[in-house]
$ cat target-v4.cif   # mmCIF, C-alpha atoms
data_target
#
loop_
_atom_site.label_atom_id
_atom_site.label_comp_id
_atom_site.auth_asym_id
_atom_site.auth_seq_id
_atom_site.Cartn_x
_atom_site.Cartn_y
_atom_site.Cartn_z
CA MET H 1 -3.05 9.08 30.30
CA ALA H 2 -5.96 11.52 30.57
CA LEU H 3 -5.15 14.85 28.92
CA THR H 4 -7.43 17.74 29.84
CA VAL H 5 -7.48 20.35 27.08
CA MET H 6 -9.03 23.78 27.63
CA SER H 7 -9.57 26.62 25.17
CA GLN H 8 -10.40 30.14 26.35
CA ASN H 9 -10.84 33.38 24.45
CA VAL H 10 -10.05 35.91 27.17
CA GLN H 11 -11.62 38.89 25.33
CA TYR H 12 -9.48 41.79 24.18
CA GLY H 13 -8.25 44.08 26.94
CA ALA H 14 -8.25 41.50 29.73
CA ASP H 15 -4.85 42.74 30.89
CA LYS H 16 -5.94 46.37 31.10
CA ASP H 17 -9.14 46.07 33.13
CA GLY H 18 -8.11 43.28 35.50
CA ARG H 19 -10.24 40.55 33.93
CA TRP H 20 -7.20 38.33 33.34
CA ASP H 21 -6.73 38.08 37.10
CA GLY H 22 -10.30 36.76 37.29
CA ILE H 23 -9.82 34.27 34.45
CA ILE H 24 -6.71 32.67 35.97
CA PRO H 25 -8.60 31.00 38.88
CA GLU H 26 -11.23 29.68 36.45
CA ILE H 27 -8.49 28.06 34.36
CA ARG H 28 -6.68 26.69 37.40
CA SER H 29 -9.92 25.15 38.70
CA VAL H 30 -10.02 22.98 35.56
CA GLU H 31 -6.35 21.96 35.93
CA PRO H 32 -5.74 21.56 32.19
CA GLN H 33 -2.50 19.99 31.06
CA LEU H 34 -2.94 21.80 27.74
CA LEU H 35 -4.39 25.31 27.38
CA LEU H 36 -5.26 27.12 24.14
CA LEU H 37 -5.63 30.89 24.49
CA GLN H 38 -6.91 33.62 22.18
CA GLU H 39 -6.83 37.45 22.28
CA VAL H 40 -3.76 37.54 24.51
CA ASP H 41 -1.87 40.27 22.66
CA TRP H 42 -0.08 41.53 25.81
CA LEU H 43 1.56 38.12 26.25
CA ALA H 44 3.67 38.84 23.16
CA ASP H 45 5.93 40.54 25.70
CA PRO H 46 8.17 37.69 26.95
CA ALA H 47 8.10 39.05 30.50
CA ALA H 48 4.29 39.08 30.48
CA ALA H 49 4.24 35.53 29.09
CA ARG H 50 6.55 34.36 31.89
CA ALA H 51 4.32 36.03 34.48
CA ALA H 52 1.26 34.37 32.98
CA GLY H 53 3.01 31.02 33.05
CA ASP H 54 3.91 31.50 36.71
CA ALA H 55 0.31 32.42 37.56
CA LEU H 56 -1.07 29.42 35.68
CA GLY H 57 1.59 26.97 36.79
CA MET H 58 2.32 26.25 33.12
CA GLU H 59 4.75 27.04 30.34
CA VAL H 60 3.43 29.57 27.80
CA ARG H 61 4.33 30.29 24.18
CA VAL H 62 2.73 33.05 22.12
CA ALA H 63 2.47 33.24 18.32
CA PRO H 64 3.09 36.39 16.29
CA SER H 65 -0.05 38.01 14.92
CA ARG H 66 -1.19 40.87 12.72
CA THR H 67 -3.94 41.75 15.21
CA LEU H 68 -4.58 39.65 18.34
CA ASN H 69 -2.25 36.88 19.44
CA THR H 70 -2.95 33.24 20.18
CA ALA H 71 -0.98 31.10 22.61
CA VAL H 72 -0.44 27.56 23.84
CA ALA H 73 0.29 26.72 27.49
CA TRP H 74 1.09 23.32 28.93
CA ASN H 75 2.07 21.44 32.05
CA PRO H 76 5.66 20.19 31.50
CA ALA H 77 4.98 17.24 33.83
CA ALA H 78 2.47 15.94 31.27
CA LEU H 79 3.85 17.17 27.95
CA GLU H 80 7.41 17.60 26.70
CA LEU H 81 7.65 20.44 24.20
CA LEU H 82 9.45 19.49 20.99
CA ASP H 83 8.80 22.60 18.90
CA ILE H 84 6.53 25.59 18.31
CA GLU H 85 5.52 26.29 14.72
CA THR H 86 4.12 29.67 13.67
CA LYS H 87 5.48 29.85 10.11
CA TYR H 88 2.30 31.21 8.51
CA SER H 89 0.72 32.83 11.56
CA ARG H 90 0.92 36.38 10.19
CA GLU H 91 -0.90 35.27 7.03
CA LEU H 92 -4.06 34.55 9.03
CA HIS H 93 -6.20 37.36 10.42
CA HIS H 94 -5.38 36.50 14.05
CA GLY H 95 -2.91 33.68 13.48
CA TYR H 96 -2.23 30.34 15.13
CA CYS H 97 0.21 28.72 17.52
CA ALA H 98 1.06 25.09 16.71
CA ALA H 99 2.93 23.17 19.40
CA ARG H 100 4.44 19.72 18.99
CA PHE H 101 4.64 17.56 22.11
CA ARG H 102 5.76 14.20 23.35
CA PRO H 103 3.11 13.09 25.86
CA LEU H 104 4.63 11.75 29.06
CA GLY H 105 3.40 8.73 31.01
CA LEU H 106 1.95 6.84 28.06
CA ALA H 107 1.56 3.08 28.23
CA ARG H 108 3.34 2.95 24.86
CA GLU H 109 5.43 5.39 22.90
CA TRP H 110 3.83 7.04 19.89
CA PRO H 111 5.43 6.93 16.42
CA GLU H 112 4.72 10.64 15.95
CA PRO H 113 4.23 13.65 18.27
CA LEU H 114 1.00 15.27 19.38
CA VAL H 115 0.31 18.48 17.44
CA ALA H 116 -1.86 21.03 19.28
CA ILE H 117 -3.01 24.17 17.48
CA SER H 118 -4.56 27.23 19.12
CA THR H 119 -6.25 29.49 16.60
CA HIS H 120 -8.70 32.33 16.20
CA LEU H 121 -10.32 32.40 12.76
CA THR H 122 -11.33 35.62 11.06
CA PRO H 123 -14.79 36.75 12.18
CA TYR H 124 -15.44 38.76 9.04
CA SER H 125 -16.06 36.07 6.42
CA ALA H 126 -16.96 32.38 6.63
CA GLN H 127 -15.32 31.85 3.25
CA ALA H 128 -12.08 33.49 4.37
CA ALA H 129 -12.17 31.51 7.62
CA ALA H 130 -12.54 28.28 5.63
CA GLN H 131 -9.38 29.19 3.71
CA GLU H 132 -7.58 29.74 7.01
CA VAL H 133 -8.76 26.29 8.13
CA GLN H 134 -7.34 24.74 4.98
CA LEU H 135 -3.90 26.02 5.97
CA LEU H 136 -4.32 24.82 9.55
CA ILE H 137 -5.35 21.35 8.43
CA ALA H 138 -2.10 21.08 6.50
CA ARG H 139 -0.12 22.19 9.58
CA ALA H 140 -1.97 19.65 11.73
CA TYR H 141 -1.04 16.79 9.43
CA ARG H 142 2.53 18.02 8.93
CA HIS H 143 3.94 15.61 11.56
CA GLY H 144 1.88 12.45 11.23
CA GLY H 145 -1.61 13.70 11.93
CA ILE H 146 -2.03 12.93 15.65
CA ALA H 147 -3.47 16.37 16.18
CA LEU H 148 -6.05 18.61 17.74
CA LEU H 149 -7.15 22.10 16.78
CA GLY H 150 -9.06 24.40 19.08
CA GLY H 151 -9.97 27.98 19.72
CA ASP H 152 -12.37 30.67 18.61
CA ILE H 153 -13.58 29.17 15.32
CA ASN H 154 -16.10 32.03 14.96
CA HIS H 155 -18.52 30.27 12.61
CA MET H 156 -21.51 27.92 12.54
CA PRO H 157 -20.63 24.29 13.36
CA LEU H 158 -22.05 21.35 11.45
CA GLY H 159 -25.12 19.76 13.00
CA ASP H 160 -26.05 22.57 15.40
CA ASP H 161 -29.58 23.94 15.12
CA GLU H 162 -30.13 27.24 13.35
CA ILE H 163 -30.31 30.11 15.80
CA ASP H 164 -32.66 33.10 15.70
CA TRP H 165 -30.53 35.18 13.38
CA THR H 166 -32.78 38.21 13.86
CA ARG H 167 -31.23 38.51 17.34
CA VAL H 168 -27.72 38.73 15.85
CA LYS H 169 -26.02 41.98 14.91
CA PRO H 170 -26.11 42.76 11.14
CA TYR H 171 -22.32 42.65 10.82
CA ASN H 172 -22.24 39.12 12.27
CA ARG H 173 -25.09 37.95 10.03
CA THR H 174 -23.26 39.12 6.91
CA SER H 175 -20.11 37.21 7.90
CA ARG H 176 -21.74 34.05 9.28
CA CYS H 177 -24.76 33.52 7.01
CA HIS H 178 -25.45 32.70 3.38
CA ARG H 179 -26.53 35.54 1.13
CA ARG H 180 -30.28 35.88 0.73
CA GLU H 181 -32.02 36.10 -2.65
CA HIS H 182 -34.73 38.35 -1.19
CA PRO H 183 -34.86 40.52 1.97
CA THR H 184 -37.76 38.45 3.34
CA ASP H 185 -35.93 35.13 2.99
CA PRO H 186 -34.86 33.54 6.30
CA TRP H 187 -31.22 33.72 7.32
CA ARG H 188 -29.25 30.45 7.18
CA GLY H 189 -25.91 29.93 8.85
CA ASN H 190 -22.94 29.34 6.55
CA ARG H 191 -21.34 26.06 7.65
CA VAL H 192 -18.44 26.09 5.19
CA VAL H 193 -15.84 26.16 8.01
CA GLY H 194 -17.35 23.04 9.59
CA GLN H 195 -17.58 21.39 6.19
CA THR H 196 -13.90 22.12 5.55
CA LEU H 197 -12.88 20.64 8.89
CA ARG H 198 -15.04 17.56 8.19
CA ASP H 199 -13.48 17.15 4.75
CA GLY H 200 -10.08 17.31 6.45
CA GLU H 201 -11.26 14.34 8.56
CA PHE H 202 -11.49 16.37 11.76
CA THR H 203 -14.12 15.51 14.37
CA ASP H 204 -15.87 18.19 16.43
CA VAL H 205 -15.51 16.90 20.02
CA ALA H 206 -18.65 18.56 21.42
CA ALA H 207 -20.84 17.37 18.53
CA TYR H 208 -19.36 13.87 18.65
CA LEU H 209 -20.20 13.43 22.34
CA ALA H 210 -23.58 15.19 21.99
CA ASP H 211 -24.59 12.60 19.41
CA ARG H 212 -23.16 9.62 21.29
CA ARG H 213 -24.80 10.65 24.55
CA SER H 214 -28.00 12.03 23.01
CA ASP H 215 -27.26 15.22 24.91
CA PRO H 216 -27.92 18.33 22.78
CA SER H 217 -26.84 20.57 25.67
CA LEU H 218 -23.23 19.85 24.71
CA ARG H 219 -23.88 21.91 21.58
CA GLY H 220 -24.73 24.96 23.71
CA ALA H 221 -23.52 28.41 22.69
CA THR H 222 -20.10 29.54 23.87
CA GLY H 223 -20.20 33.10 22.56
CA LYS H 224 -22.24 34.95 25.17
CA HIS H 225 -23.57 37.57 22.74
CA GLY H 226 -23.52 35.81 19.38
CA LEU H 227 -25.70 32.78 20.30
CA LEU H 228 -23.33 30.36 18.52
CA ARG H 229 -20.99 27.60 19.65
CA VAL H 230 -18.03 29.47 18.20
CA ASP H 231 -15.41 27.98 20.57
CA GLN H 232 -14.60 24.46 19.45
CA VAL H 233 -12.09 21.61 19.73
CA HIS H 234 -11.55 19.29 16.76
CA VAL H 235 -9.41 16.15 16.55
CA THR H 236 -7.96 14.06 13.75
CA PRO H 237 -8.97 10.39 13.26
CA ALA H 238 -6.08 9.16 15.42
CA LEU H 239 -7.53 10.95 18.47
CA VAL H 240 -11.24 10.17 18.03
CA PRO H 241 -11.01 6.94 20.12
CA ALA H 242 -9.35 9.00 22.85
CA VAL H 243 -12.29 11.42 23.27
CA LYS H 244 -13.82 10.90 26.72
CA ASP H 245 -15.49 14.09 27.93
CA TYR H 246 -16.40 17.69 27.15
CA TRP H 247 -17.92 20.62 29.04
CA CYS H 248 -18.01 24.41 29.16
CA VAL H 249 -16.64 26.77 31.81
CA ASP H 250 -18.32 30.12 32.42
CA PRO H 251 -15.76 32.77 33.42
CA GLY H 252 -18.56 35.09 34.47
CA PRO H 253 -17.90 38.77 33.77
CA HIS H 254 -14.26 38.15 32.96
CA SER H 255 -14.81 37.18 29.28
CA ASP H 256 -17.52 37.25 26.61
CA HIS H 257 -16.62 33.63 25.72
CA ARG H 258 -17.17 30.48 27.72
CA GLY H 259 -14.18 28.20 27.96
CA VAL H 260 -14.45 24.74 26.44
CA VAL H 261 -12.82 21.64 27.92
CA ALA H 262 -12.13 18.28 26.25
CA VAL H 263 -10.67 15.22 27.97
CA LEU H 264 -8.65 12.75 25.90
CA ASP H 265 -7.41 9.34 27.06
CA LEU H 266 -4.20 9.35 25.05
CA ASP H 267 -3.56 5.65 25.67
CA GLN H 268 -6.66 4.99 23.56
CA ALA H 269 -5.38 6.96 20.55
CA ASP H 270 -5.24 5.04 17.28
CA THR H 271 -1.62 5.74 16.41
CA GLY H 272 -1.95 3.39 13.44
CA ARG H 273 -3.82 6.26 11.75
CA VAL H 274 -0.58 8.17 11.18
CA VAL H 275 -0.60 10.07 7.88
CA GLU H 276 2.58 10.51 5.86
CA TYR H 277 3.02 14.15 4.85
CA THR H 278 4.52 14.70 1.40
#

$ encode --input "target-v4.cif" --output "structure tokens"
Amino acid sequence: MALTVMSQNVQYGADKDGRWDGIIPEIRSVEPQLLLLQEVDWLADPAAARAAGDALGMEVRVAPSRTLNTAVAWNPAALELLDIETKYSRELHHGYCAARFRPLGLAREWPEPLVAISTHLTPYSAQAAAQEVQLLIARAYRHGGIALLGGDINHMPLGDDEIDWTRVKPYNRTSRCHRREHPTDPWRGNRVVGQTLRDGEFTDVAAYLADRRSDPSLRGATGKHGLLRVDQVHVTPALVPAVKDYWCVDPGPHSDHRGVVAVLDLDQADTGRVVEYT
């Protein structure tokens, strides 16, 4: 079973200026079975969420948030929803939406469900974002560890080249870079979020395929103004053998973030890598 996963930050205000109507066709052109959304605060209204689901041809669930909401959408012909978990969502700056699914059409039944987390980490501090990731890693492993985590990660991935930080706004440099000993020292990206995900045994899908294919273009920036690959999809060890493809989708003027798409062959998942949560 090939599962197409897409993550899209729609950019705040998409419902007010008509950009959401332009993003919907871009999403539908990908035909994802699983969609991770960020900055969809208006979808906290159940009627708006139902309308979005009708427009996408998917079911939609939205997590509570202190600021901007995240959501998960899915095709019920491919995934059977078992539960939505948002227990600690309000404790994160933007929150998270963790869905638990039974994939349909598998060659063999899995011992545990698929956990899919849509998140948007705080943009204001790499250290604070790493703490948010620590919580999300625990939620991902809560039901056996066959899991993926995607969204606007907001910080420097492991392995990507340093960017020209002089082209980045000062407020983004202070949140995404290491402190400098002297004003003339070069800026260096703070990769603590990527290190935390790695230590949680998550694999960055874009980086994994970029290395396997010797194709550095897969590490291209997804934030249109920040020069970084801030939008990412990560998988636990059980799903690494399932990783088959990755690409970006440019929504044009409808968002300041490119969408990212990962394709997973779920029949290739290593379900023997289930982790008991205690």

$ atom_distance --input "target-v4.cif" --atom1 "atom CA of H:Arg229" --atom2 "atom CA of H:Asp211"
15.4 Å

$ resolve_selection --input "target-v4.cif" --expression "the PyMOL selection byres ((chain H and resi 196) around 12)" --output "ChimeraX atom specification"
/H:126-138,155-158,190-195,197-204,234

$ resolve_selection --input "target-v4.cif" --expression "the PyMOL selection byres ((chain H and resi 31) around 12)" --output "list in words"
Ala2, Leu3, Thr4, Val5, Met6, Ile24, Pro25, Glu26, Ile27, Arg28, Ser29, Val30, Pro32, Gln33, Leu34, Leu35, Leu56, Gly57, Met58, Ala73, Trp74, Asn75, Ala78, Val261, Ala262 and Val263 of chain H

$ closest_residue --input "target-v4.cif" --among "H:Leu149, H:Ile23, H:Leu227, H:Leu36" --to "H:Val168" --atoms "all atoms listed in the file"
H:Leu227

$ resolve_selection --input "target-v4.cif" --expression "the PyMOL selection byres ((chain H and resi 89) around 10)" --output "ChimeraX atom specification"
/H:63-66,69-70,85-88,90-98,119,132,135-136

$ residues_around --input "target-v4.cif" --residues "H:Pro237" --least-positions-apart "6" --cutoff "9 Å" --atoms "only C-alpha atoms" --output "VMD selection string"
chain H and resid 145 to 147 201 to 203 269 to 270 273 to 274

$ closest_residue --input "target-v4.cif" --among "H:Trp165, H:Lys224, H:Val230, H:Pro46" --to "H:Thr122" --atoms "only C-alpha atoms"
H:Val230

$ closest_residue --input "target-v4.cif" --among "H:Gly159, H:Pro170, H:Asn9, H:Leu43" --to "H:Leu121" --atoms "all atoms listed in the file"
H:Asn9

$ closest_residue --input "target-v4.cif" --among "H:Leu82, H:Arg212, H:Ser125, H:Val60" --to "H:His178" --atoms "only C-alpha atoms"
H:Ser125

$ atom_distance --input "target-v4.cif" --atom1 "atom CA of H:Gly150" --atom2 "atom CA of H:Ala207"
13.7 Å

$ closest_atom_pairs --input "target-v4.cif" --of "stretch 166-220 of chain H" --to "stretch 245-248 of chain H" --cutoff "9 Å" --atoms "only C-alpha atoms" --output "Markdown table"
| residue | atom | partner | partner_atom | distance |
| --- | --- | --- | --- | --- |
| H:Val205 | CA | H:Tyr246 | CA | 7.2 |
| H:Ala206 | CA | H:Tyr246 | CA | 6.2 |
| H:Leu209 | CA | H:Asp245 | CA | 7.3 |
| H:Leu218 | CA | H:Trp247 | CA | 6.9 |
| H:Gly220 | CA | H:Cys248 | CA | 8.7 |

$ residues_near_point --input "target-v4.cif" --point "(4.5, 12.8, 12.9)" --cutoff "6 Å" --atoms "only C-alpha atoms" --output "PyMOL selection string"
chain H and resi 112-113+143-144

$ residues_near_point --input "target-v4.cif" --point "(-11.5, 9.2, 18.3)" --cutoff "10 Å" --atoms "all atoms listed in the file" --output "number ranges by chain"
H: 202-203, 205, 208, 235-244, 264-266, 268-270

$ decode --input "target-v4.cif" --residues "stretch 171-246 of chain H" --atoms "C-alpha atoms" --output "PDB file, in the first residue's frame"
ATOM      1  CA  TYR H 171      14.764  37.955  14.806  1.00  0.00           C
ATOM      2  CA  ASN H 172      15.089  34.661  12.907  1.00  0.00           C
ATOM      3  CA  ARG H 173      18.866  34.567  13.384  1.00  0.00           C
ATOM      4  CA  THR H 174      18.511  34.947  17.146  1.00  0.00           C
ATOM      5  CA  SER H 175      16.046  32.042  17.326  1.00  0.00           C
ATOM      6  CA  ARG H 176      17.696  29.710  14.801  1.00  0.00           C
ATOM      7  CA  CYS H 177      21.427  30.265  15.342  1.00  0.00           C
ATOM      8  CA  HIS H 178      23.995  29.700  18.067  1.00  0.00           C
ATOM      9  CA  ARG H 179      25.085  32.707  20.086  1.00  0.00           C
ATOM     10  CA  ARG H 180      28.243  34.374  18.837  1.00  0.00           C
ATOM     11  CA  GLU H 181      31.229  35.148  21.068  1.00  0.00           C
ATOM     12  CA  HIS H 182      32.052  38.253  19.001  1.00  0.00           C
ATOM     13  CA  PRO H 183      29.963  40.369  16.591  1.00  0.00           C
ATOM     14  CA  THR H 184      32.319  39.518  13.715  1.00  0.00           C
ATOM     15  CA  ASP H 185      32.014  35.756  14.206  1.00  0.00           C
ATOM     16  CA  PRO H 186      30.040  33.935  11.489  1.00  0.00           C
ATOM     17  CA  TRP H 187      26.511  32.805  12.243  1.00  0.00           C
ATOM     18  CA  ARG H 188      25.983  29.036  12.624  1.00  0.00           C
ATOM     19  CA  GLY H 189      22.598  27.368  12.552  1.00  0.00           C
ATOM     20  CA  ASN H 190      21.457  25.704  15.768  1.00  0.00           C
ATOM     21  CA  ARG H 191      20.631  22.087  14.904  1.00  0.00           C
ATOM     22  CA  VAL H 192      19.433  21.022  18.355  1.00  0.00           C
ATOM     23  CA  VAL H 193      15.925  20.199  17.049  1.00  0.00           C
ATOM     24  CA  GLY H 194      17.363  17.862  14.409  1.00  0.00           C
ATOM     25  CA  GLN H 195      19.704  16.354  16.977  1.00  0.00           C
ATOM     26  CA  THR H 196      16.776  15.693  19.312  1.00  0.00           C
ATOM     27  CA  LEU H 197      14.791  13.992  16.559  1.00  0.00           C
ATOM     28  CA  ARG H 198      17.847  11.897  15.641  1.00  0.00           C
ATOM     29  CA  ASP H 199      18.356  10.890  19.266  1.00  0.00           C
ATOM     30  CA  GLY H 200      14.706   9.840  19.317  1.00  0.00           C
ATOM     31  CA  GLU H 201      15.573   7.534  16.384  1.00  0.00           C
ATOM     32  CA  PHE H 202      13.594   9.560  13.865  1.00  0.00           C
ATOM     33  CA  THR H 203      14.752   9.748  10.248  1.00  0.00           C
ATOM     34  CA  ASP H 204      14.363  12.906   8.166  1.00  0.00           C
ATOM     35  CA  VAL H 205      12.740  11.631   4.936  1.00  0.00           C
ATOM     36  CA  ALA H 206      14.124  14.339   2.635  1.00  0.00           C
ATOM     37  CA  ALA H 207      17.676  13.985   3.963  1.00  0.00           C
ATOM     38  CA  TYR H 208      17.495  10.186   3.857  1.00  0.00           C
ATOM     39  CA  LEU H 209      16.540  10.137   0.177  1.00  0.00           C
ATOM     40  CA  ALA H 210      18.927  12.993  -0.693  1.00  0.00           C
ATOM     41  CA  ASP H 211      21.810  10.908   0.636  1.00  0.00           C
ATOM     42  CA  ARG H 212      20.652   7.641  -0.930  1.00  0.00           C
ATOM     43  CA  ARG H 213      20.112   9.250  -4.326  1.00  0.00           C
ATOM     44  CA  SER H 214      23.044  11.670  -4.139  1.00  0.00           C
ATOM     45  CA  ASP H 215      20.529  14.398  -4.880  1.00  0.00           C
ATOM     46  CA  PRO H 216      21.136  17.506  -2.724  1.00  0.00           C
ATOM     47  CA  SER H 217      18.162  19.254  -4.354  1.00  0.00           C
ATOM     48  CA  LEU H 218      15.892  17.256  -2.040  1.00  0.00           C
ATOM     49  CA  ARG H 219      17.293  19.364   0.794  1.00  0.00           C
ATOM     50  CA  GLY H 220      16.014  22.550  -0.875  1.00  0.00           C
ATOM     51  CA  ALA H 221      14.440  25.308   1.201  1.00  0.00           C
ATOM     52  CA  THR H 222      10.721  25.137   1.893  1.00  0.00           C
ATOM     53  CA  GLY H 223      10.332  28.471   3.664  1.00  0.00           C
ATOM     54  CA  LYS H 224      10.171  30.978   0.826  1.00  0.00           C
ATOM     55  CA  HIS H 225      11.619  33.860   2.849  1.00  0.00           C
ATOM     56  CA  GLY H 226      13.741  32.154   5.491  1.00  0.00           C
ATOM     57  CA  LEU H 227      16.027  30.132   3.146  1.00  0.00           C
ATOM     58  CA  LEU H 228      15.689  26.991   5.306  1.00  0.00           C
ATOM     59  CA  ARG H 229      14.084  23.585   4.839  1.00  0.00           C
ATOM     60  CA  VAL H 230      11.780  24.234   7.766  1.00  0.00           C
ATOM     61  CA  ASP H 231       8.955  21.939   6.583  1.00  0.00           C
ATOM     62  CA  GLN H 232       9.925  18.339   7.257  1.00  0.00           C
ATOM     63  CA  VAL H 233       8.615  14.783   7.598  1.00  0.00           C
ATOM     64  CA  HIS H 234      10.327  12.377  10.007  1.00  0.00           C
ATOM     65  CA  VAL H 235       9.641   8.671  10.551  1.00  0.00           C
ATOM     66  CA  THR H 236      10.459   6.154  13.258  1.00  0.00           C
ATOM     67  CA  PRO H 237      12.660   3.092  12.545  1.00  0.00           C
ATOM     68  CA  ALA H 238       9.632   0.934  11.706  1.00  0.00           C
ATOM     69  CA  LEU H 239       8.799   3.174   8.730  1.00  0.00           C
ATOM     70  CA  VAL H 240      12.286   3.783   7.323  1.00  0.00           C
ATOM     71  CA  PRO H 241      12.097   0.725   4.987  1.00  0.00           C
ATOM     72  CA  ALA H 242       8.779   2.089   3.712  1.00  0.00           C
ATOM     73  CA  VAL H 243      10.237   5.413   2.500  1.00  0.00           C
ATOM     74  CA  LYS H 244       9.989   5.535  -1.304  1.00  0.00           C
ATOM     75  CA  ASP H 245       9.783   9.131  -2.501  1.00  0.00           C
ATOM     76  CA  TYR H 246       9.792  12.807  -1.552  1.00  0.00           C
TER      77      TYR H 246
END
